[in-house]
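Undergrad: I'd like to ask some things about the structure below.
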Amino acid sequence: MNMSDLERKQLPRGLKPTLYELCLEPDYAAHKFAGHVSISCDVVAPSRAIELHSKFIAIQTVVIESRGVRAALDETAIMYDDSQETVKLSLDTVYTPGESLKVELAYVGQFKDNLEGLYQSKYTVKDENGIETEHRLAVTSLEPTYARQVFPCFDEPELKAEFIISAIVDQTLLCRSNMPIERTYLLPHSKKLVVFQKTVSMSTYLVAFVSGALSEIKSEKSRIPLSAFCPIGTEKQAEYALDLAATGLQLFEELFDSCYPLPKLDLVAVPDFSGAMENWGLIIFKTTYLLLDPEDSALETKQLITETMLHELSHMWFGNLVTMKYWDGLWLKEGFATLMAWMATDKLHPAWKTWDKYVSNDLQSALESDSLKASHPVEVFIADTTDAKQIYDRISYKKGCCVLKMISNELGWDQFLSGIKLYLDRNQYGSTESEDLWSALQEATGDPIKEKMHMWTKETGYPVVTVTEVLDEETGEVRALKLRQDRFIASGVNKHGFSQQIYPLRIGIRSETGVEMVEMRQREITLDTTGKTLLKVNADHDGFFRTAYSASHLQKLARAAVEGRLSLRDSVGLLCDLRALVGAGITQSSDLLDGSLRLRPMTDYLVWDTIDHNLQSIRTAFKFSGRLITDALNRLARDVLGTKAHELGWVMADREDDAKVVFKSSMFSGAGLAGDQSIVSEAKEMFSKRVKGDEKAIPASLRYEVFGIVAKFGGREDLEALLGIWTSSSSEEEKYLALECLGRAGNAELVRWVLSHAFTNCIKDPDLHYLIWVMGSSEHGALELWGWFKQFWDRIQQSIPIDLQSLLLGVALDGLGTAEHLSDAKEFFARRDTKKYVKMLDQKLESLEIKVSWAERDTGDVKEWLTRHGYLKE
């Protein structure tokens with residue numbers, strides 16, 4: 001069945017909005033706001049009613065202006081449908097195509113506490129005498145379907161219109177929206193009316209408004225007025241992001257051969273916000289995604305802010321200038337923005353090895369998610385708003401990005417970009433579907449990609465390519481490779497009766513002579529490899545699939561990696577594929593241990609980071625398998641990572657190479673968390689100096705690592721000191737690192753003490769995911785977290801936005817690992833209405849099943865390996 005054949009809950013298409021005139025008046029004390037909106041519409045089909053989206057809004061008056069007459073609607077003509085989040089206004093006449101009308105509504109809305117719609121954010125500032133002043137902000141967050149909580153509207157992305165936005169606020173407060181201020185009028189009672197210029201035609205979810213006490217810094221490097229607004233006292237921490245925005249905006253204008261079309265761009269840092277949002281002309285970020293001290297911040301923080309900023313900037317074209325018709329096409333903007341952010345990061349910071357990191361991170365996230373039975377297609381039918389809110393996940397963002405990366409490799413970047421420029425130029429200010437993209441790429445490149453891409457975007461999953469060496473009967477040398485593709489399922493290939501798709505693969509085969517491209521559009525192919533000894537399938541891991549080799553072939557590839565005959569991406573991808581195959585039961589945990597340790601002679605950070613990740617995966621799977629195994633796995637980690645940590649050292653030299661800094665901090669953390677005593681002692685000494693007032697005692701690149709080690713091996717006094725850093729540090733980065741590391745508390749009693757600060761003034765509800773983020777890494781932490789989660793889940797659903805709810809749910813379930821845990825989780829959710837988060841729940845329960853099966857299947861194998869290598873001591 002095609003998406004077009006399925007029923008979708010949308011507004012009638014009798015009216016087309018052309019202009020909204022919206023005025024908002026926040027009332028902080030009363031926790032509400034007054035609103036007035038006039039919506040000008042063209043009639044495109046006979047209409048006797050106006051149906052708008054509206055939620056949590058009390059309409060006070062309605063006036064219809066048409067045919068030269070203004071008439072008020074009686075309240076009996078106003079009918080709410082809470083289940084559909086709509087309001088229907090019945091008219092006393094039929095309007096016909098070609099006519100126009102205006103509907104004016106006065107109403108009252110409520111500030112919500114869950115970061116949706118128009119809500120309040122608060123922060124405090126201390127003066128030189130230590131006296132605190134609280135500042136309140138009014139902030140909008142409207143994607144995907146929260147504009148209807150701020151004003152009655154046609155709240156669907158395709159129904160674009162222009163907007164004239166205004167606001168009534170205190171004269172002392174800053175006020176910003178999508179466009180520059182047109183005029184300000186002073187009003188009685190120390191109020192002012194701020195009127196903004198008319199916007200271009202855009203979707204309702206891009207409307208933005210911020211008001212409150214914020215500082216402004218302006219860029220001197222941008223073609224257009226470009227400013228950053230941030231909490232008072234954090235101006236210096238906003239400079240890096242502001243400079244980056246100026247550079248990134250120019251980069252994208254040149255890349256797309258298309259000028260940013262608005263007359264200004266503002267960046268706003270808000271303490272209470274979920275991630276970042278690409279509102280046209282007014283991008284809003286949670287403070288942790290915008291603020292940093294460039295001279296005293298970890299490289300990972302700088303990379304996060306860089307990627308986030310470039311992601312949001314690319315949305316000015318992908319999402320804002322050209323918008324998906326409906327939420328099925330979310331991937332069109334999010335997949336593109338993710339790809340373009342990585343591309344731009346690589347261009348601006350080539351030393352960061354962005355595309356190597358892509359193979360070890362984003363590609364793996366996409367492959368892991370899409371290997372689940374509970375995955376979904378990149379293009380998934382969205383029936384209603386509940387569905388729309390659930391697809392902001394790794395499939396839409398990361399698989400979408402990976403599919404685009406794959407097709408750009410096949411077409412060539414310049415050819416791919418020519419198609420993208422055509423797509424943007426042809427559809428600017430309009431709305432599109434995936435077919436529009438494929439048509440533009442085909443027209444620009446002459447490559448018939450549409451049918452092939454349907455498999456990658458309209459179907460779930462991807463294959464594992466099994467590689468079999470065909471030997472010459474006389475010489476015993478490899479004369480051919482046989483490749484077979486089957487859909488890869490994380491719980492095991494071909495065990496669940498899935499239809500056996502044939503994926504259109506274009507595979508790079510690396511040999512001594514270079515990379516040869518091979519088309520594979522059938523179940524099996526055989527390739528003549530006479531005279532070649534190095535044979536690596538999926539060169540650089542440009543293809544979206546896993547590869548399985550025989551043990552002997554894997555050993556040969558490991559030797560080639562160590563000898564430098566494979567690329568870094570090949571080496572990292574080899575270990576990542578092996579990890580996935582072990583989890584699926586295709587090979588054993590001992591193979592993963594052996595395969596990872598074979599690459600120890602390599603000297604690149606990403607290889608060692610992947611070795612660390614593989615060891616962590618095994619420790620996670622066997623976390624509940626008893627102290628003998630967990631202690632042995634920690635000894636192994638100390639031996640492997642500790643040796644490398646001591647070899648590298650952890651003193652950070654001035655202007656040290658970025659890769660070396662990250663390498664040192666990663667090994668310091670891995671060995672320290674595994675219990676390397678000299679590193680634990682060093683971390684405690686640095687932390688002690690920091691607590692006594694030496695803010696430079698811990699290098700920025702080791703701050704997170706030191707905090708985590710101290711939290712795990714320290715006591716209540718250390719946790720109290722971390723909490724003090726959270727509440728008092730002037731560094732946004734340091735605050736949140738301290739908060740996150742509290743979750744590593746070393747025993748159940750301390751974990752309970754940490755969790756006792758949830759739902760208090762100390763930690764705001766939207767920050768709870770930081771508090772619990774790493775809590776499930778220990779057995780005691782996972783169990784305490786799960787008990788806390790069950791106790792407070794109902795409250796979480798009331799006070800936290802759905803994306804953060806799903807995050808909390810995922811973190812809590814990720815910590816579990818036994819059949820009893822799985823049964824308890826299923827029973828807990830069986831008693832609840834899970835419709836709003838069912839996709840995340842199904843995926844996490846399936847992942848837990850896989851983890852349980854892994855531990856049950858391989859316990860004997862792991863014990864035997866650990867005993868044979870001297871790590872398990874009975």
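Ordering of the structure tokens sets the chain letters (A, B, ...); residue numbers start at 1 within each chain; ligands are numbered from 1 in the order shown.
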Extract, using only C-alpha atoms, all DNA, RNA and protein residues at most 12 Å from A:Lys353, discarding same-chain residues fewer than 3 positions from it, and format them as a ChimeraX atom specification.
TA: /A:303,342-343,345-350,356-360,568-569,604-606,658-659
Undergrad: Using only C-alpha atoms, which protein or nucleic acid residues come within 8 Å of A:Pro180? Drop anything in the same chain fewer than 6 positions from it, and give the result as a PyMOL selection string.
TA: chain A and resi 196-197+263-264
Undergrad: Have a look at A:Asp654, A:Asp170, A:Glu705, A:Glu334 and name the one nearest to A:Glu295; count only C-alpha atoms.
TA: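 Once distances to A:Glu295 are computed over only C-alpha atoms, the minimum belongs to A:Asp654.
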Undergrad: When you look at A:Thr234 with a cut-off of 12 Å (counting only C-alpha atoms), what residues show up, excluding the ones that are within fewer than 5 positions of it in the same chain? I need them as number ranges by chain.
TA: A: 123-125, 214-217, 228-229, 239-240, 268-271, 287-288, 290-293, 729-733
Undergrad: How about saving the chosen residues, C-alpha atoms kept, as a PDB file, in the first residue's frame?
TA:
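Written out: result_16.pdb:
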```pdb
ATOM      1  CA  TYR A 123      17.945  31.700  35.451  1.00  0.00           C
ATOM      2  CA  THR A 124      19.641  33.546  38.296  1.00  0.00           C
ATOM      3  CA  VAL A 125      22.582  35.951  38.343  1.00  0.00           C
ATOM      4  CA  LEU A 214      19.447  38.664  27.909  1.00  0.00           C
ATOM      5  CA  SER A 215      22.790  40.124  26.859  1.00  0.00           C
ATOM      6  CA  GLU A 216      23.620  40.702  23.200  1.00  0.00           C
ATOM      7  CA  ILE A 217      26.914  40.434  21.366  1.00  0.00           C
ATOM      8  CA  ALA A 228      24.026  36.137  19.905  1.00  0.00           C
ATOM      9  CA  PHE A 229      21.788  36.577  22.940  1.00  0.00           C
ATOM     10  CA  GLU A 239      31.819  34.368  21.141  1.00  0.00           C
ATOM     11  CA  TYR A 240      32.948  31.058  19.642  1.00  0.00           C
ATOM     12  CA  VAL A 268      19.670  32.678  21.459  1.00  0.00           C
ATOM     13  CA  ALA A 269      20.981  30.617  24.389  1.00  0.00           C
ATOM     14  CA  VAL A 270      18.189  29.514  26.731  1.00  0.00           C
ATOM     15  CA  PRO A 271      18.759  27.589  29.991  1.00  0.00           C
ATOM     16  CA  THR A 287      22.851  26.939  26.683  1.00  0.00           C
ATOM     17  CA  THR A 288      25.019  23.788  26.582  1.00  0.00           C
ATOM     18  CA  LEU A 290      25.926  27.426  22.362  1.00  0.00           C
ATOM     19  CA  LEU A 291      28.157  28.503  25.249  1.00  0.00           C
ATOM     20  CA  LEU A 292      31.775  27.546  25.851  1.00  0.00           C
ATOM     21  CA  ASP A 293      35.075  29.061  26.861  1.00  0.00           C
ATOM     22  CA  SER A 729      30.312  27.128  38.489  1.00  0.00           C
ATOM     23  CA  SER A 730      30.380  30.041  36.070  1.00  0.00           C
ATOM     24  CA  SER A 731      31.252  27.661  33.213  1.00  0.00           C
ATOM     25  CA  GLU A 732      28.249  26.198  31.434  1.00  0.00           C
ATOM     26  CA  GLU A 733      30.344  23.253  30.270  1.00  0.00           C
TER      27      GLU A 733
END
```
Undergrad: Tell me, as JSON, numbers by chain, which residues lie within 10 Å of A:Ser688, counting only C-alpha atoms; anything in the same chain fewer than 2 positions away does not count.
TA: {"A": [682, 683, 684, 685, 686, 690, 691, 692, 693, 694, 697, 698, 710, 718, 721]}
Undergrad: Would you write out those residues with all heavy atoms, as a CSV table (one decimal), in the first residue's frame?
TA:
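selection.csv was written with the following content:
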```
chain,number,residue,atom,x,y,z
A,682,GLU,N,45.5,10.1,40.7
A,682,GLU,CA,45.8,11.4,40.0
A,682,GLU,C,44.5,12.2,39.9
A,682,GLU,O,44.5,13.4,40.0
A,682,GLU,CB,46.4,11.1,38.7
A,682,GLU,CG,46.8,12.3,37.9
A,682,GLU,CD,48.1,13.0,38.4
A,682,GLU,OE1,48.8,12.3,39.1
A,682,GLU,OE2,48.3,14.2,38.2
A,683,ALA,N,43.4,11.5,39.5
A,683,ALA,CA,42.1,12.2,39.4
A,683,ALA,C,41.7,12.8,40.7
A,683,ALA,O,41.2,13.9,40.7
A,683,ALA,CB,41.1,11.2,38.8
A,684,LYS,N,41.8,12.0,41.8
A,684,LYS,CA,41.4,12.6,43.1
A,684,LYS,C,42.2,13.8,43.5
A,684,LYS,O,41.7,14.7,44.1
A,684,LYS,CB,41.5,11.5,44.1
A,684,LYS,CG,40.4,10.4,44.0
A,684,LYS,CD,40.5,9.4,45.1
A,684,LYS,CE,39.4,8.4,45.1
A,684,LYS,NZ,39.4,7.4,46.2
A,685,GLU,N,43.5,13.7,43.2
A,685,GLU,CA,44.4,14.9,43.5
A,685,GLU,C,44.0,16.1,42.8
A,685,GLU,O,43.9,17.2,43.3
A,685,GLU,CB,45.9,14.5,43.3
A,685,GLU,CG,46.8,15.6,43.7
A,685,GLU,CD,48.3,15.2,43.4
A,685,GLU,OE1,48.5,14.0,43.2
A,685,GLU,OE2,49.1,16.1,43.5
A,686,MET,N,43.8,16.0,41.4
A,686,MET,CA,43.3,17.1,40.6
A,686,MET,C,42.0,17.7,41.1
A,686,MET,O,41.8,18.9,41.2
A,686,MET,CB,43.3,16.7,39.2
A,686,MET,CG,44.6,16.6,38.5
A,686,MET,SD,44.4,16.4,36.7
A,686,MET,CE,44.2,14.6,36.5
A,690,ARG,N,40.8,21.4,42.6
A,690,ARG,CA,39.7,22.2,42.0
A,690,ARG,C,38.7,22.6,43.1
A,690,ARG,O,38.3,23.7,43.2
A,690,ARG,CB,39.0,21.3,41.0
A,690,ARG,CG,37.7,21.9,40.5
A,690,ARG,CD,37.8,23.2,39.8
A,690,ARG,NE,36.5,23.8,39.4
A,690,ARG,CZ,35.8,24.5,40.2
A,690,ARG,NH1,36.2,24.8,41.5
A,690,ARG,NH2,34.6,25.0,39.8
A,691,VAL,N,38.4,21.6,44.0
A,691,VAL,CA,37.4,21.9,45.1
A,691,VAL,C,37.9,23.0,46.0
A,691,VAL,O,37.2,23.8,46.5
A,691,VAL,CB,37.1,20.7,45.9
A,691,VAL,CG1,36.2,21.0,47.1
A,691,VAL,CG2,36.4,19.7,44.9
A,692,LYS,N,39.3,23.1,46.2
A,692,LYS,CA,39.8,24.1,47.1
A,692,LYS,C,40.0,25.4,46.4
A,692,LYS,O,40.5,26.4,47.0
A,692,LYS,CB,41.2,23.6,47.6
A,692,LYS,CG,41.1,22.4,48.5
A,692,LYS,CD,42.5,21.9,48.9
A,692,LYS,CE,42.4,20.6,49.8
A,692,LYS,NZ,43.7,20.0,50.1
A,693,GLY,N,39.5,25.5,45.1
A,693,GLY,CA,39.5,26.8,44.5
A,693,GLY,C,40.4,27.0,43.3
A,693,GLY,O,40.3,28.1,42.6
A,694,ASP,N,41.2,26.0,43.0
A,694,ASP,CA,42.1,26.2,41.8
A,694,ASP,C,41.3,25.7,40.6
A,694,ASP,O,41.2,24.5,40.2
A,694,ASP,CB,43.3,25.3,42.0
A,694,ASP,CG,44.3,25.5,40.8
A,694,ASP,OD1,44.0,26.2,39.9
A,694,ASP,OD2,45.4,24.8,40.9
A,697,ALA,N,43.1,23.5,38.0
A,697,ALA,CA,43.8,22.3,38.4
A,697,ALA,C,43.5,21.1,37.5
A,697,ALA,O,44.4,20.3,37.3
A,697,ALA,CB,43.3,22.0,39.8
A,698,ILE,N,42.4,21.1,36.9
A,698,ILE,CA,42.0,20.0,35.9
A,698,ILE,C,42.0,20.6,34.5
A,698,ILE,O,41.3,21.5,34.2
A,698,ILE,CB,40.6,19.5,36.3
A,698,ILE,CG1,40.5,19.1,37.7
A,698,ILE,CG2,40.3,18.3,35.4
A,698,ILE,CD1,39.1,18.7,38.1
A,710,VAL,N,36.3,10.3,40.0
A,710,VAL,CA,36.1,10.7,41.4
A,710,VAL,C,34.7,10.3,41.9
A,710,VAL,O,34.6,9.8,43.0
A,710,VAL,CB,36.3,12.2,41.5
A,710,VAL,CG1,35.9,12.6,42.9
A,710,VAL,CG2,37.8,12.5,41.3
A,718,ASP,N,32.8,13.8,48.0
A,718,ASP,CA,33.1,14.1,46.6
A,718,ASP,C,31.9,14.4,45.8
A,718,ASP,O,31.9,15.3,44.9
A,718,ASP,CB,33.9,12.9,46.0
A,718,ASP,CG,35.2,12.7,46.7
A,718,ASP,OD1,36.0,13.6,46.8
A,718,ASP,OD2,35.4,11.6,47.2
A,721,ALA,N,30.7,17.8,46.5
A,721,ALA,CA,31.6,18.8,45.8
A,721,ALA,C,31.2,18.9,44.4
A,721,ALA,O,31.1,20.0,43.8
A,721,ALA,CB,33.0,18.4,46.0
```
Undergrad: Excluding A:Leu363 and its own-chain neighbours fewer than 3 positions away, which residues fall within 9 Å of it when counting only C-alpha atoms? Please give them as a ChimeraX atom specification.
TA: /A:358-360,366-368,398-399,401-402,541,544
Undergrad: Write the residues you've just listed into a file as a PDB file, in the first residue's frame, and include C-alpha atoms for each of them.
TA:
```pdb
ATOM      1  CA  TYR A 358      31.526   9.383  11.002  1.00  0.00           C
ATOM      2  CA  VAL A 359      32.315   5.698  10.425  1.00  0.00           C
ATOM      3  CA  SER A 360      32.846   5.032  14.129  1.00  0.00           C
ATOM      4  CA  ALA A 366      22.219   4.265  12.154  1.00  0.00           C
ATOM      5  CA  LEU A 367      23.190   0.639  11.538  1.00  0.00           C
ATOM      6  CA  GLU A 368      22.430  -0.355  15.132  1.00  0.00           C
ATOM      7  CA  LYS A 398      21.377   9.377  10.996  1.00  0.00           C
ATOM      8  CA  LYS A 399      20.150   6.765   8.542  1.00  0.00           C
ATOM      9  CA  CYS A 401      22.299  11.170   6.548  1.00  0.00           C
ATOM     10  CA  CYS A 402      23.977   7.829   5.748  1.00  0.00           C
ATOM     11  CA  HIS A 541      32.626   1.694   4.750  1.00  0.00           C
ATOM     12  CA  PHE A 544      25.205   0.984   4.319  1.00  0.00           C
TER      13      PHE A 544
END
```
Undergrad: Choose the residue, out of A:Arg183, A:Val43, A:Leu115, A:Pro12, that has the smallest atom-to-atom separation from A:Gln798; count only C-alpha atoms.
TA: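 Looking at the shortest contact to A:Gln798, the residue is A:Leu115.
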Undergrad: Quick one: everything within 12 Å of A:Trp854, counting only C-alpha atoms, minus sequence neighbours fewer than 6 positions away in the same chain. Send it as an MDAnalysis selection string.
TA: chainID A and resid 490:492 579:589 617:623 625 817:819 847:848 860:862
Undergrad: From the options A:Glu874, A:Asp591, A:Glu143, A:Asp794, which residue's atoms come nearest to A:Asp858, counting only C-alpha atoms?
TA: A:Asp591
Undergrad: One number please: atom CA of A:Asp631 to atom CA of A:Trp865, in Å, one decimal.
TA: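 Straight-line distance from atom CA of A:Asp631 to atom CA of A:Trp865 works out to 13.9 Å.
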